[in-house]
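S.K.: Got a structure for you, written out below as structure tokens; questions coming shortly.
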Amino acid sequence: MLAALNAPPQPRPPTVPEPPERTLVKRAQGGDLTAYDELVRRFQERIYATLYHMTANHEDAADLTQETFLKAYRALAGFKGDSSFFTWLYRIAVNKAINFLKQRRHRGRLSLNDLDLNAEHDPDLVALISDRTPRREVNLAELQEKMNAAMLKLSEVHRMVVTLHDIQGLPHEEIGRIMGCNVGTVRSRLFYARQQLQAYLSDYLK
Amino acid sequence: MRPEPENHQALLKLIALKRYEQPPPGFFHDLPQRIRARIEAAELAPAVPWHERLMARFAVKPALAAAFTLAVGGVYFFGLQLSDLAEQQSALKDQPPAEVWYGAAPGNVRPFAPGFISLPYAEDPTPPPVLSSSVAPVLEPNPQRSFFPTPMLRMDQVQRVNFSVGGSD
């Protein structure tokens with residue numbers, strides 16, 4: 001008995017800490033707007049970037065980002081947690097973007113964001129401009145415009161795959177869950193989209 | 001992640017340029033506040049009745065309004081045709097089976113004084129003609145369908161008339 005009392009306390013079974021994201025989601029589902037603010041802060045950059053790369057227009061992307069978070073808040077009660085909040089949110093953003101682009105009759109006017117100053121120090125980009133580009137006078141801003149114009153020539157689903165994989169670095173499986181298709185479809189779309197982009201940008205890739 | 005094919009390497013380096021595109025400074029600082037303001041505004045806004053939402057949607061999309069009008073018109077027209085057809089079928093159902101009517105026998109038809117008028121069958125020994133119905137020429141067994149209701153004879157309401165000429169009373 002005494003030995004039992006003197007024995008060092010048994011460590012409690014390790015409780016798996018609930019992921020903060022899940023906690024925030026539950027609090028937001030209960031109407032806690034502060035928790036939802038935190039979720040917005042956590043995902044706003046990725047959601048905005050996806051929508052920006054899809055539209056090549058800052059104003060459209062900003063509007064769609066707000067619409068995405070508004071819709072997500074309204075639908076939050078129906079979120080059961082079958083997928084991660086991140087995937088669920090992305091799915092809303094993807095649908096918003098595709099619907100928006102289908103309604104936009106003509107090719108959208110470009111409203112590109114400024115390039116980060118670090119781009120000028122990216123060795124790959126510097127090499128691309130100075131060595132591989134036949135037109136030596138080309139600068140990063142021009143390359144950016146050509147790149148975005150080429151992206152806009154892709155269909156919505158192909159642009160989305162390039163955005164999610166090649167720009168944002170999501171794995172194929174995650175993209176499949178977001179876009180509601182299998183991994184094989186993601187890979188084939190990605191391959192086709194790259195072939196298309198390569199053809200559109202052939203002058204800058206020699 | 002699988003290594004990318006060599007022929008896409010240059011393209012991937014070019015695509016990497018897009019990662020350097022940044023929104024105006026302060027954009028991400030303000031965005032949560034703007035989203036929150038819109039959420040609070042939506043929660044405070046009074047609920048719009050369903051018919052006002054419907055009208056607002058039509059105001060934005062005239063094509064949708066036209067489609068809705070066409071659909072309602074189509075349903076109305078279909079209902080009209082259906083009711084017309086049902087009415088005709090009901091009328092035919094109510095029609096009694098055709099009676100065999102006989103022409104008056106020569107012996108019974110003598111309303112007039114002898115010599116006043118001479119009916120052709122008065123002295124004819126042949127049997128009287130058999131008529132299918134006295135109103136057969138009037139009634140149309142399969143009335144033509146029409147957008148407007150056609151007045152139909154109700155056979156059960158047709159009354160035989162007897163008349164006499166020449167002051168029998």
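FYI, nothing fancy with the structure tokens labels: chains A, B, ... in order, residues from 1 per chain, ligands from 1 as they appear.
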Considering only C-alpha atoms, extract the chain B residues located within 12 Å of chain A and return them as a VMD selection string.
M.R.: chain B and resid 1 to 2 4 to 5 7 to 25 27 to 43
S.K.: At a cut-off of 10 Å, using only C-alpha atoms, what residues contact Gln29 (chain A)? Leave out same-chain residues fewer than 3 positions from it and give the result as a compact mmCIF listing (two decimals) with C-alpha atoms, in the first residue's frame.
M.R.:
```txt
# COMPACT_ATOMS: atom_id res chain seq x y z
CA THR A 23 -10.80 23.03 -32.63
CA LEU A 24 -11.16 26.24 -34.53
CA VAL A 25 -13.66 24.66 -36.86
CA LYS A 26 -15.77 23.41 -33.96
CA ASP A 32 -17.41 31.95 -32.68
CA LEU A 33 -16.38 34.54 -35.25
CA ALA A 35 -12.20 31.35 -34.38
CA TYR A 36 -13.35 31.79 -37.95
CA TYR A 73 -19.01 30.16 -43.18
CA ARG A 74 -22.61 29.69 -44.26
CA ALA A 75 -21.99 26.02 -45.04
CA LEU A 76 -19.90 25.37 -41.96
CA ALA A 77 -22.76 23.69 -40.12
CA GLY A 78 -22.80 21.03 -42.82
CA PHE A 79 -19.09 20.31 -42.56
```
S.K.: List the spatial neighbours of Gln103 (chain A) as a ChimeraX atom specification - criterion: any atom at most 12 Å away, only C-alpha atoms, same-chain residues fewer than 6 positions off excluded.
M.R.: /A:96-97,156
S.K.: Could you check the closest approach to Arg177 (chain A) for each of A:Leu89, A:Val126, A:Leu190, A:Leu101 and tell me which residue wins, using only C-alpha atoms?
M.R.: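 With only C-alpha atoms as the atom set, the closest residue is A:Leu89.
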S.K.: If you measure from CA of Lys93 (chain B) to CA of Val75 (chain B), what distance in Å do you get, rounded to one decimal?
M.R.: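 Atom-to-atom, CA of Lys93 (chain B) and CA of Val75 (chain B) are spaced 26.6 Å apart.
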